[in-house]
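Each remark here refers to the structure printed beneath this line.
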Amino acid sequence: MDDVFKALADGNRRRLLDSLNTRNGQTLRELCAGLDMARQSVSKHLAVLEDAGLVTTMRRGREKLHYLDAAPINAIADRWMSRYDRERANALADLKTALEQDTMSEFVYTTYIRTTPERLWQALTDPAFTRRYWGVSFETDWTPGSTITWHEEYATMADPEQVVLEADPPRRLAYTWHTFTEEWAKAVGVDEDTRAKLLAEPRSKVTFDIEPSGETVKLTVVHEAGDALLDMCRHGWPPVLSGLKTLLETGEPLPTE
């Protein structure tokens, strides 16, 4: 937490985070345009934020995109806000979010796994892997434009809009999220009011970027979603990706409830 507090102590770094919170996935040039600072100074501030885990980067072609990773800030909130009137603070934060947030936002998560890009790609696409750490398997040929049928333990989701968007093994994979069927909702314990909110949002998509990093592989997951699903992403993705990392590094899945 010391690194996070240190990173947040500088006003310029807070402005960079505000800029990414407004529009995630910016290049260095785009970030510099909003600040009266030299390019080199912005790069140094971004390096501090990245070291603190507040910013993660991902390459798309020749561009290097910067994303806000709010997990460290959320950890601080969990540690400190519980001492104060958290319910009131949450209510005000929810109101501010409702007034300011766009229809679609992004959940970004980065982890480093001791494996190879090829092995990680297999773990993201092969049902023999996905069932072990996720409890989900996909029925598709992983060709862009092909449909994906989702199989969970107690539900199967098939829809023409569940499709592969990008597939560049072992570098990049993207697909649209599954339909929130009544069968799925009953299986996972989602009430009808919540399901109605999920169905009212634009269909979301998830992107996996795989990048070699020394003896490890950097995996960045970006899930573009509406408000209702984004809240589920914050709680759902971390255990799934922790399970993926554990399985690849130890050969055994994480214990499940």
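We name chains A, B, ... following the order of the structure tokens; residues begin at 1 in each chain, and ligands are numbered from 1 as shown.
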As a PDB file with C-alpha atoms, in the first residue's frame, please: the residues near stretch 191-197 of chain A (cut-off 8 Å, only C-alpha atoms, same-chain neighbours under 6 positions excluded).
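Below is the file selection_29.pdb, written as the result:
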```
ATOM      1  CA  PHE A 180     -28.020 -14.201 -19.583  1.00  0.00           C
ATOM      2  CA  ALA A 185     -29.615 -17.208 -13.733  1.00  0.00           C
ATOM      3  CA  ALA A 228     -24.459  -4.321 -13.851  1.00  0.00           C
TER       4      ALA A 228
END
```
Open item on the list: DSSP on the backbone: which residues in stretch 98-236 of chain A end up as alpha helix (DSSP H)? Give the answer as a PyMOL selection string.
Closed with: chain A and resi 98-100+117-125+127-133+182-188+192-200+227-236
Open item on the list: Please identify the strand (DSSP E) residues within stretch 103-171 of chain A (assignment by DSSP from backbone atoms) and present them as JSON, numbers by chain.
Closed with: {"A": [105, 106, 107, 108, 109, 110, 111, 112, 113, 136, 137, 138, 139, 149, 150, 151, 152, 156, 157, 164, 165, 166, 167, 168]}
Now that the selection is made, can you save its residues with N, CA and C atoms as a JSON list (two decimals), in the first residue's frame?
```
[["chain", "number", "residue", "atom", "x", "y", "z"],
["A", 105, "SER", "N", -18.06, 0.41, -19.79],
["A", 105, "SER", "CA", -16.79, 0.70, -19.16],
["A", 105, "SER", "C", -15.93, -0.54, -19.26],
["A", 106, "GLU", "N", -14.72, -0.47, -18.71],
["A", 106, "GLU", "CA", -13.77, -1.59, -18.86],
["A", 106, "GLU", "C", -13.27, -2.06, -17.50],
["A", 107, "PHE", "N", -13.27, -3.36, -17.33],
["A", 107, "PHE", "CA", -12.56, -3.99, -16.22],
["A", 107, "PHE", "C", -11.23, -4.49, -16.79],
["A", 108, "VAL", "N", -10.13, -4.12, -16.16],
["A", 108, "VAL", "CA", -8.79, -4.51, -16.63],
["A", 108, "VAL", "C", -8.07, -5.25, -15.52],
["A", 109, "TYR", "N", -7.48, -6.38, -15.86],
["A", 109, "TYR", "CA", -6.76, -7.19, -14.88],
["A", 109, "TYR", "C", -5.50, -7.73, -15.54],
["A", 110, "THR", "N", -4.36, -7.57, -14.88],
["A", 110, "THR", "CA", -3.08, -8.06, -15.40],
["A", 110, "THR", "C", -2.45, -9.01, -14.40],
["A", 111, "THR", "N", -1.94, -10.13, -14.90],
["A", 111, "THR", "CA", -1.23, -11.08, -14.05],
["A", 111, "THR", "C", -0.06, -11.65, -14.84],
["A", 112, "TYR", "N", 0.94, -12.14, -14.11],
["A", 112, "TYR", "CA", 2.11, -12.76, -14.72],
["A", 112, "TYR", "C", 2.13, -14.24, -14.33],
["A", 113, "ILE", "N", 2.27, -15.11, -15.32],
["A", 113, "ILE", "CA", 2.18, -16.55, -15.10],
["A", 113, "ILE", "C", 3.45, -17.21, -15.61],
["A", 136, "VAL", "N", -16.24, -23.95, -16.86],
["A", 136, "VAL", "CA", -16.88, -23.57, -18.12],
["A", 136, "VAL", "C", -16.13, -24.24, -19.26],
["A", 137, "SER", "N", -16.85, -24.64, -20.30],
["A", 137, "SER", "CA", -16.19, -25.09, -21.52],
["A", 137, "SER", "C", -16.86, -24.42, -22.72],
["A", 138, "PHE", "N", -16.09, -24.25, -23.79],
["A", 138, "PHE", "CA", -16.56, -23.55, -24.96],
["A", 138, "PHE", "C", -16.61, -24.51, -26.15],
["A", 139, "GLU", "N", -17.73, -24.45, -26.87],
["A", 139, "GLU", "CA", -17.89, -25.26, -28.08],
["A", 139, "GLU", "C", -17.79, -24.33, -29.29],
["A", 149, "THR", "N", -20.78, -21.75, -28.10],
["A", 149, "THR", "CA", -21.75, -22.26, -27.15],
["A", 149, "THR", "C", -21.06, -22.45, -25.81],
["A", 150, "TRP", "N", -21.62, -21.84, -24.77],
["A", 150, "TRP", "CA", -21.06, -21.93, -23.43],
["A", 150, "TRP", "C", -21.70, -23.11, -22.69],
["A", 151, "HIS", "N", -20.88, -23.92, -22.07],
["A", 151, "HIS", "CA", -21.37, -25.02, -21.25],
["A", 151, "HIS", "C", -20.88, -24.82, -19.82],
["A", 152, "GLU", "N", -21.83, -24.62, -18.89],
["A", 152, "GLU", "CA", -21.51, -24.62, -17.48],
["A", 152, "GLU", "C", -22.13, -25.87, -16.86],
["A", 156, "THR", "N", -26.49, -24.29, -20.29],
["A", 156, "THR", "CA", -25.86, -24.18, -21.60],
["A", 156, "THR", "C", -26.43, -22.95, -22.28],
["A", 157, "MET", "N", -25.54, -22.08, -22.79],
["A", 157, "MET", "CA", -25.97, -20.84, -23.44],
["A", 157, "MET", "C", -25.52, -20.84, -24.89],
["A", 164, "VAL", "N", -16.77, -15.44, -31.76],
["A", 164, "VAL", "CA", -15.34, -15.13, -31.68],
["A", 164, "VAL", "C", -15.09, -13.85, -32.45],
["A", 165, "LEU", "N", -14.46, -12.87, -31.82],
["A", 165, "LEU", "CA", -14.16, -11.59, -32.46],
["A", 165, "LEU", "C", -12.75, -11.56, -33.04],
["A", 166, "GLU", "N", -11.79, -12.05, -32.26],
["A", 166, "GLU", "CA", -10.39, -12.09, -32.71],
["A", 166, "GLU", "C", -9.76, -13.38, -32.20],
["A", 167, "ALA", "N", -8.88, -13.96, -33.00],
["A", 167, "ALA", "CA", -8.13, -15.14, -32.58],
["A", 167, "ALA", "C", -6.79, -15.13, -33.30],
["A", 168, "ASP", "N", -5.75, -14.77, -32.57],
["A", 168, "ASP", "CA", -4.39, -14.70, -33.10],
["A", 168, "ASP", "C", -3.48, -15.49, -32.17]]
```
Task: Long-range neighbours of stretch 37-49 of chain A as JSON, numbers by chain, 9 Å cut-off, only C-alpha atoms, 2 positions minimum in chain - done: {"A": [3, 4, 6, 7, 8, 10, 12, 13, 16, 17, 28, 29, 31, 32, 33, 34, 35, 51, 52, 53, 54, 55, 56, 66]}
Task: Nearest to A:Gly189, chosen from A:Trp237, A:Tyr133, A:Tyr154, A:Trp121, with only C-alpha atoms counted in the distances - done: A:Tyr154
Open item on the list: Taking 2 positions as the minimum chain separation for residues in the same chain, which residues sit within 12 Å of A:Val222 when counting only C-alpha atoms? Answer as an MDAnalysis selection string.
Closed with: chainID A and resid 24:25 56:58 65:69 105:111 172:176 204:210 219:220 224:225 230 233:234 237
Take the residues from that selection and write them out as an mmCIF file, in the first residue's frame, keeping N, CA and C atoms.
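Contents of selection-v7.cif, freshly written:
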```
data_model
loop_
_atom_site.group_PDB
_atom_site.id
_atom_site.type_symbol
_atom_site.label_atom_id
_atom_site.label_comp_id
_atom_site.auth_asym_id
_atom_site.auth_seq_id
_atom_site.Cartn_x
_atom_site.Cartn_y
_atom_site.Cartn_z
ATOM 1 N N ASN A 24 -10.279 4.855 -20.940
ATOM 2 C CA ASN A 24 -9.214 3.874 -20.746
ATOM 3 C C ASN A 24 -8.561 3.515 -22.068
ATOM 4 N N GLY A 25 -7.322 3.023 -21.989
ATOM 5 C CA GLY A 25 -6.635 2.539 -23.177
ATOM 6 C C GLY A 25 -6.038 3.644 -24.034
ATOM 7 N N THR A 56 -1.682 -0.506 -16.063
ATOM 8 C CA THR A 56 -1.135 -1.640 -16.793
ATOM 9 C C THR A 56 -1.108 -1.278 -18.275
ATOM 10 N N THR A 57 -0.222 -1.907 -19.026
ATOM 11 C CA THR A 57 -0.062 -1.558 -20.435
ATOM 12 C C THR A 57 -0.283 -2.785 -21.312
ATOM 13 N N MET A 58 -0.618 -2.511 -22.564
ATOM 14 C CA MET A 58 -0.864 -3.577 -23.520
ATOM 15 C C MET A 58 -0.528 -3.052 -24.911
ATOM 16 N N LEU A 65 -0.789 0.901 -25.241
ATOM 17 C CA LEU A 65 -1.961 1.478 -24.597
ATOM 18 C C LEU A 65 -1.849 1.358 -23.086
ATOM 19 N N HIS A 66 -2.347 2.360 -22.382
ATOM 20 C CA HIS A 66 -2.299 2.405 -20.921
ATOM 21 C C HIS A 66 -3.707 2.271 -20.362
ATOM 22 N N TYR A 67 -3.839 1.413 -19.341
ATOM 23 C CA TYR A 67 -5.138 1.152 -18.733
ATOM 24 C C TYR A 67 -5.064 1.377 -17.228
ATOM 25 N N LEU A 68 -6.135 1.930 -16.696
ATOM 26 C CA LEU A 68 -6.272 2.066 -15.253
ATOM 27 C C LEU A 68 -6.597 0.707 -14.647
ATOM 28 N N ASP A 69 -5.878 0.318 -13.598
ATOM 29 C CA ASP A 69 -6.170 -0.893 -12.833
ATOM 30 C C ASP A 69 -6.554 -0.443 -11.426
ATOM 31 N N SER A 105 -18.065 0.413 -19.791
ATOM 32 C CA SER A 105 -16.790 0.698 -19.156
ATOM 33 C C SER A 105 -15.926 -0.542 -19.264
ATOM 34 N N GLU A 106 -14.718 -0.474 -18.715
ATOM 35 C CA GLU A 106 -13.772 -1.585 -18.857
ATOM 36 C C GLU A 106 -13.273 -2.058 -17.503
ATOM 37 N N PHE A 107 -13.268 -3.357 -17.327
ATOM 38 C CA PHE A 107 -12.563 -3.986 -16.217
ATOM 39 C C PHE A 107 -11.235 -4.487 -16.786
ATOM 40 N N VAL A 108 -10.127 -4.115 -16.157
ATOM 41 C CA VAL A 108 -8.792 -4.507 -16.629
ATOM 42 C C VAL A 108 -8.069 -5.246 -15.521
ATOM 43 N N TYR A 109 -7.478 -6.375 -15.861
ATOM 44 C CA TYR A 109 -6.755 -7.190 -14.879
ATOM 45 C C TYR A 109 -5.496 -7.728 -15.541
ATOM 46 N N THR A 110 -4.357 -7.572 -14.884
ATOM 47 C CA THR A 110 -3.082 -8.060 -15.399
ATOM 48 C C THR A 110 -2.449 -9.014 -14.404
ATOM 49 N N THR A 111 -1.940 -10.125 -14.898
ATOM 50 C CA THR A 111 -1.233 -11.078 -14.050
ATOM 51 C C THR A 111 -0.057 -11.652 -14.836
ATOM 52 N N ARG A 172 -3.500 -13.111 -28.956
ATOM 53 C CA ARG A 172 -4.680 -12.307 -28.650
ATOM 54 C C ARG A 172 -5.946 -13.096 -28.954
ATOM 55 N N LEU A 173 -6.893 -13.021 -28.015
ATOM 56 C CA LEU A 173 -8.178 -13.697 -28.165
ATOM 57 C C LEU A 173 -9.263 -12.767 -27.663
ATOM 58 N N ALA A 174 -10.363 -12.667 -28.406
ATOM 59 C CA ALA A 174 -11.479 -11.825 -27.984
ATOM 60 C C ALA A 174 -12.781 -12.472 -28.420
ATOM 61 N N TYR A 175 -13.784 -12.370 -27.552
ATOM 62 C CA TYR A 175 -15.097 -12.885 -27.919
ATOM 63 C C TYR A 175 -16.175 -12.155 -27.129
ATOM 64 N N THR A 176 -17.412 -12.237 -27.626
ATOM 65 C CA THR A 176 -18.536 -11.639 -26.920
ATOM 66 C C THR A 176 -18.945 -12.549 -25.767
ATOM 67 N N SER A 204 -21.523 -7.510 -23.895
ATOM 68 C CA SER A 204 -20.141 -7.175 -23.549
ATOM 69 C C SER A 204 -19.161 -8.061 -24.313
ATOM 70 N N LYS A 205 -17.885 -7.694 -24.208
ATOM 71 C CA LYS A 205 -16.850 -8.531 -24.832
ATOM 72 C C LYS A 205 -15.626 -8.570 -23.931
ATOM 73 N N VAL A 206 -14.880 -9.647 -24.044
ATOM 74 C CA VAL A 206 -13.661 -9.816 -23.255
ATOM 75 C C VAL A 206 -12.493 -10.056 -24.208
ATOM 76 N N THR A 207 -11.345 -9.473 -23.873
ATOM 77 C CA THR A 207 -10.138 -9.604 -24.684
ATOM 78 C C THR A 207 -8.996 -10.095 -23.806
ATOM 79 N N PHE A 208 -8.251 -11.078 -24.303
ATOM 80 C CA PHE A 208 -7.079 -11.600 -23.612
ATOM 81 C C PHE A 208 -5.848 -11.273 -24.458
ATOM 82 N N ASP A 209 -4.920 -10.509 -23.891
ATOM 83 C CA ASP A 209 -3.659 -10.213 -24.570
ATOM 84 C C ASP A 209 -2.537 -10.966 -23.866
ATOM 85 N N ILE A 210 -1.766 -11.702 -24.642
ATOM 86 C CA ILE A 210 -0.701 -12.568 -24.131
ATOM 87 C C ILE A 210 0.630 -12.034 -24.632
ATOM 88 N N LEU A 219 -0.371 -11.681 -18.913
ATOM 89 C CA LEU A 219 -1.741 -11.816 -19.411
ATOM 90 C C LEU A 219 -2.542 -10.596 -18.968
ATOM 91 N N THR A 220 -3.110 -9.880 -19.924
ATOM 92 C CA THR A 220 -3.975 -8.745 -19.630
ATOM 93 C C THR A 220 -5.379 -9.062 -20.121
ATOM 94 N N GLU A 224 -15.072 -5.286 -21.498
ATOM 95 C CA GLU A 224 -15.892 -4.101 -21.740
ATOM 96 C C GLU A 224 -17.337 -4.467 -21.451
ATOM 97 N N ALA A 225 -17.942 -3.775 -20.491
ATOM 98 C CA ALA A 225 -19.272 -4.175 -20.040
ATOM 99 C C ALA A 225 -20.037 -2.983 -19.499
ATOM 100 N N LEU A 230 -20.318 -5.114 -15.024
ATOM 101 C CA LEU A 230 -19.003 -4.676 -14.573
ATOM 102 C C LEU A 230 -18.809 -4.967 -13.091
ATOM 103 N N CYS A 233 -17.930 -8.479 -12.826
ATOM 104 C CA CYS A 233 -16.562 -8.713 -13.308
ATOM 105 C C CYS A 233 -15.540 -8.491 -12.194
ATOM 106 N N ARG A 234 -15.757 -7.443 -11.404
ATOM 107 C CA ARG A 234 -14.802 -7.108 -10.345
ATOM 108 C C ARG A 234 -14.698 -8.239 -9.323
ATOM 109 N N TRP A 237 -13.788 -12.143 -12.019
ATOM 110 C CA TRP A 237 -12.554 -12.408 -12.755
ATOM 111 C C TRP A 237 -11.352 -12.736 -11.860
#
```
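Using only C-alpha atoms for every distance, the candidate list A:Arg14, A:Leu254, A:Pro170, A:Pro144 yields A:Pro170 as the residue closest to A:Ala123.
Each of A:Arg171, A:His235, A:His178, A:Lys186 was checked against A:Arg59 using only C-alpha atoms; the smallest atom-to-atom distance is that of A:Arg171.
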TODO: Calculate how many Å separate atom CA of A:Arg60 from atom CA of A:Leu247, rounding to one decimal.
DONE: 27.7 Å
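Coordinates place atom CA of A:Pro202 at a distance of 10.8 Å from atom CA of A:Thr179.
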